[in-house]
Amino acid sequence: MATNNDWLPTSHEALYDKGLQTKSYAEGHLGDIGAGKTAEWINSDFKVKWQDFANAFLAWQNPSQRTPQKVAALREKEYAFKTAYREFYRYVKNNPVVTDEMLVAMGFPPHSDNKPTPAPVPTSYPIAKIDIGTVSRLTVHYADSATGKKGKPQGVAGAVIHWAILPAPPTDYAELFHSVLNTNSPLVLDFAEEERDRIAYFRLAWQNVRGEKGAYGEIVSARIP
């Protein structure tokens, strides 16, 4: 039997991915999961602590720029976010209008028996195609490798997309230090004027509703128009 804290990841990367999943769902379904002061708390305190943690994580994630100050900041912001995250889970778990399906979509166990969702680890991966038709913008479209369809496989929360602007193709996956869980294709990225004509590299994998990733597809790249 799973315990109430089994849903909370222990690694920084997994916590970031799961927090992004929860935050993305909350933004789109605030009226379904909260009302009054609860909605106000979700929209302010929880999201603020999530963003503080996300900023600290992204600053820490690049190994070549990791400093003791960034490590300390990540620990501080992560602790504050975990406290708010547990409070968020306690609320939605005990909210009678929140269904098992909604809990799973947020990255939490269903409240029926608190066991993990049976969603399997993805066996396929997203195939990316990058649109460069708009100045200073890259639009990352992706489809499932097994079906060729744009829709996500069953039990998949979204595509984990790692990317970075680099002077040469990456020799270490850690170089792709930007990371986002995108729940629906496409992902749109806008760039500054000084980033035009530089090359961005991308690596994608499906992530299920339990935060488990499948295989990654090949790295793809595009020159920023």
# chains A, B, ... in the order shown; residues from 1 in each chain; ligands from 1
call {"tool": "closest_atom_pairs", "arguments": {"of": "stretch 106-216 of chain A", "to": "stretch 62-82 of chain A", "cutoff": "9 Å", "atoms": "only C-alpha atoms", "output": "tab-separated table"}}
result
residue	atom	partner	partner_atom	distance
A:Ala174	CA	A:Asn62	CA	7.2
A:Glu175	CA	A:Asn62	CA	6.9
A:Leu176	CA	A:Asn62	CA	8.2
A:Phe177	CA	A:Asn62	CA	5.4
A:His178	CA	A:Asn62	CA	8.3
call {"tool": "write_last_selection", "arguments": {"atoms": "C-alpha atoms", "output": "mmCIF file, in the first residue's frame"}}
result
data_model
loop_
_atom_site.group_PDB
_atom_site.id
_atom_site.type_symbol
_atom_site.label_atom_id
_atom_site.label_comp_id
_atom_site.auth_asym_id
_atom_site.auth_seq_id
_atom_site.Cartn_x
_atom_site.Cartn_y
_atom_site.Cartn_z
ATOM 1 C CA ALA A 174 23.066 17.607 -19.696
ATOM 2 C CA GLU A 175 23.914 20.399 -22.153
ATOM 3 C CA LEU A 176 20.199 20.564 -23.012
ATOM 4 C CA PHE A 177 19.567 22.290 -19.713
ATOM 5 C CA HIS A 178 16.166 23.854 -20.468
#
call {"tool": "closest_atom_pairs", "arguments": {"of": "stretch 79-183 of chain A", "to": "stretch 17-39 of chain A", "cutoff": "9 Å", "atoms": "only C-alpha atoms", "output": "CSV"}}
result
residue,atom,partner,partner_atom,distance
A:Tyr85,CA,A:Gly19,CA,8.0
A:Tyr91,CA,A:Thr38,CA,8.8
A:Val92,CA,A:Ile33,CA,6.8
A:Asn95,CA,A:Ile33,CA,7.7
A:Val97,CA,A:Ile33,CA,7.2
A:Val98,CA,A:Ile33,CA,6.2
A:Met102,CA,A:Ile33,CA,8.7
A:Ala105,CA,A:Tyr25,CA,7.1
A:Met106,CA,A:Thr22,CA,4.4
A:Gly107,CA,A:Thr22,CA,6.2
A:Phe108,CA,A:Thr22,CA,8.5
A:Ala157,CA,A:Gln21,CA,7.5
A:Gly158,CA,A:Gln21,CA,8.4
A:Val160,CA,A:Asp17,CA,7.9
A:Ser179,CA,A:Asp17,CA,8.3
A:Val180,CA,A:Asp17,CA,7.2
A:Leu181,CA,A:Asp17,CA,6.2
A:Asn182,CA,A:Gln21,CA,8.4
A:Thr183,CA,A:Gln21,CA,7.9
call {"tool": "closest_residue", "arguments": {"among": "A:Gly133, A:Gly211, A:Pro167, A:Gly151", "to": "A:Trp7", "atoms": "only C-alpha atoms"}}
result
A:Gly211
call {"tool": "residues_around", "arguments": {"residues": "A:Ala84", "least_positions_apart": "3", "cutoff": "8 Å", "atoms": "only C-alpha atoms", "output": "list in words"}}
result
Asp45, Phe46, Lys49, Ala80, Phe81, Glu87 and Phe88 of chain A
call {"tool": "write_last_selection", "arguments": {"atoms": "C-alpha atoms", "output": "short mmCIF file (atom, residue, chain, number, x, y, z; two decimals), in the first residue's frame"}}
result
data_model
loop_
_atom_site.label_atom_id
_atom_site.label_comp_id
_atom_site.auth_asym_id
_atom_site.auth_seq_id
_atom_site.Cartn_x
_atom_site.Cartn_y
_atom_site.Cartn_z
CA ASP A 45 1.03 31.32 -2.83
CA PHE A 46 1.29 27.91 -4.52
CA LYS A 49 6.47 29.06 -4.62
CA ALA A 80 9.27 26.01 0.45
CA PHE A 81 7.66 24.58 -2.68
CA GLU A 87 -0.81 21.44 1.23
CA PHE A 88 -2.17 21.54 -2.31
#
call {"tool": "closest_atom_pairs", "arguments": {"of": "stretch 103-173 of chain A", "to": "stretch 185-202 of chain A", "cutoff": "12 Å", "atoms": "only C-alpha atoms", "output": "CSV"}}
result
residue,atom,partner,partner_atom,distance
A:Pro126,CA,A:Ser185,CA,9.9
A:Ile127,CA,A:Phe202,CA,10.7
A:Ala128,CA,A:Phe202,CA,8.4
A:Lys129,CA,A:Pro186,CA,9.5
A:Ile130,CA,A:Pro186,CA,9.2
A:Asp131,CA,A:Val188,CA,9.5
A:Ile132,CA,A:Val188,CA,10.6
A:Gly133,CA,A:Val188,CA,11.8
A:Thr134,CA,A:Asp190,CA,9.4
A:Val135,CA,A:Arg196,CA,8.3
A:Ser136,CA,A:Phe191,CA,5.1
A:Arg137,CA,A:Asp190,CA,4.5
A:Leu138,CA,A:Leu189,CA,5.3
A:Thr139,CA,A:Val188,CA,4.5
A:Val140,CA,A:Leu187,CA,5.0
A:His141,CA,A:Pro186,CA,4.4
A:Tyr142,CA,A:Ser185,CA,6.0
A:Ala143,CA,A:Ser185,CA,8.0
A:Asp144,CA,A:Ser185,CA,10.7
A:Lys149,CA,A:Ser185,CA,10.9
A:Lys150,CA,A:Ser185,CA,7.1
A:Gly151,CA,A:Ser185,CA,8.1
A:Lys152,CA,A:Ser185,CA,9.0
A:Ala157,CA,A:Ser185,CA,11.8
A:Gly158,CA,A:Ser185,CA,8.7
A:Ala159,CA,A:Ser185,CA,8.3
A:Val160,CA,A:Phe202,CA,10.2
A:Ile161,CA,A:Phe202,CA,6.8
A:His162,CA,A:Phe202,CA,5.7
A:Trp163,CA,A:Phe202,CA,4.4
A:Ala164,CA,A:Ala200,CA,5.5
A:Ile165,CA,A:Ala200,CA,4.2
A:Leu166,CA,A:Ile199,CA,6.2
A:Pro167,CA,A:Ile199,CA,7.1
A:Ala168,CA,A:Ile199,CA,8.1
A:Pro169,CA,A:Tyr201,CA,7.2
A:Pro170,CA,A:Tyr201,CA,7.9
A:Thr171,CA,A:Tyr201,CA,11.5
A:Asp172,CA,A:Tyr201,CA,12.0
A:Tyr173,CA,A:Phe202,CA,9.9
call {"tool": "closest_residue", "arguments": {"among": "A:Tyr16, A:Val209, A:Gly214, A:Val121", "to": "A:Leu103", "atoms": "only C-alpha atoms"}}
result
A:Val209
call {"tool": "closest_residue", "arguments": {"among": "A:Thr10, A:Asn208, A:Thr99, A:Ser44", "to": "A:Val156", "atoms": "only C-alpha atoms"}}
result
A:Asn208
call {"tool": "select_by_dssp", "arguments": {"residues": "stretch 141-199 of chain A", "states": "strand (DSSP E or B)", "output": "number ranges by chain"}}
result
A: 141-144, 156-165, 178-182, 187-190, 199
call {"tool": "atom_distance", "arguments": {"atom1": "atom CA of A:Gln154", "atom2": "atom CA of A:Asn94"}}
result
26.4 Å
call {"tool": "select_by_dssp", "arguments": {"residues": "stretch 67-150 of chain A", "states": "helix (DSSP H, G or I)", "output": "MDAnalysis selection string"}}
result
chainID A and resid 68:93 100:105
call {"tool": "write_last_selection", "arguments": {"atoms": "C-alpha atoms", "output": "PDB file, in the first residue's frame"}}
result
ATOM      1  CA  PRO A  68      27.413  26.909  -4.317  1.00  0.00           C
ATOM      2  CA  GLN A  69      25.026  29.881  -4.198  1.00  0.00           C
ATOM      3  CA  LYS A  70      22.762  28.287  -6.811  1.00  0.00           C
ATOM      4  CA  VAL A  71      22.796  24.971  -4.962  1.00  0.00           C
ATOM      5  CA  ALA A  72      21.817  26.703  -1.710  1.00  0.00           C
ATOM      6  CA  ALA A  73      19.072  28.698  -3.453  1.00  0.00           C
ATOM      7  CA  LEU A  74      17.647  25.525  -5.003  1.00  0.00           C
ATOM      8  CA  ARG A  75      17.470  23.781  -1.620  1.00  0.00           C
ATOM      9  CA  GLU A  76      15.740  26.763  -0.014  1.00  0.00           C
ATOM     10  CA  LYS A  77      13.161  27.236  -2.779  1.00  0.00           C
ATOM     11  CA  GLU A  78      12.556  23.492  -3.115  1.00  0.00           C
ATOM     12  CA  TYR A  79      11.779  23.157   0.605  1.00  0.00           C
ATOM     13  CA  ALA A  80       9.267  26.012   0.446  1.00  0.00           C
ATOM     14  CA  PHE A  81       7.657  24.576  -2.681  1.00  0.00           C
ATOM     15  CA  LYS A  82       7.367  21.069  -1.204  1.00  0.00           C
ATOM     16  CA  THR A  83       5.520  22.511   1.803  1.00  0.00           C
ATOM     17  CA  ALA A  84       3.015  24.279  -0.469  1.00  0.00           C
ATOM     18  CA  TYR A  85       2.807  21.204  -2.736  1.00  0.00           C
ATOM     19  CA  ARG A  86       1.829  18.916   0.152  1.00  0.00           C
ATOM     20  CA  GLU A  87      -0.814  21.436   1.233  1.00  0.00           C
ATOM     21  CA  PHE A  88      -2.172  21.544  -2.308  1.00  0.00           C
ATOM     22  CA  TYR A  89      -2.413  17.746  -2.397  1.00  0.00           C
ATOM     23  CA  ARG A  90      -4.164  17.564   0.969  1.00  0.00           C
ATOM     24  CA  TYR A  91      -6.790  19.995  -0.265  1.00  0.00           C
ATOM     25  CA  VAL A  92      -7.547  18.332  -3.613  1.00  0.00           C
ATOM     26  CA  LYS A  93      -7.461  14.824  -2.132  1.00  0.00           C
ATOM     27  CA  ASP A 100      -9.801  10.309  -9.455  1.00  0.00           C
ATOM     28  CA  GLU A 101      -9.296  11.303 -13.098  1.00  0.00           C
ATOM     29  CA  MET A 102      -8.554  14.881 -12.058  1.00  0.00           C
ATOM     30  CA  LEU A 103      -6.101  13.752  -9.369  1.00  0.00           C
ATOM     31  CA  VAL A 104      -4.225  11.580 -11.857  1.00  0.00           C
ATOM     32  CA  ALA A 105      -4.125  14.437 -14.393  1.00  0.00           C
TER      33      ALA A 105
END
call {"tool": "atom_distance", "arguments": {"atom1": "atom CA of A:Ala59", "atom2": "atom CA of A:Leu15"}}
result
15.1 Å
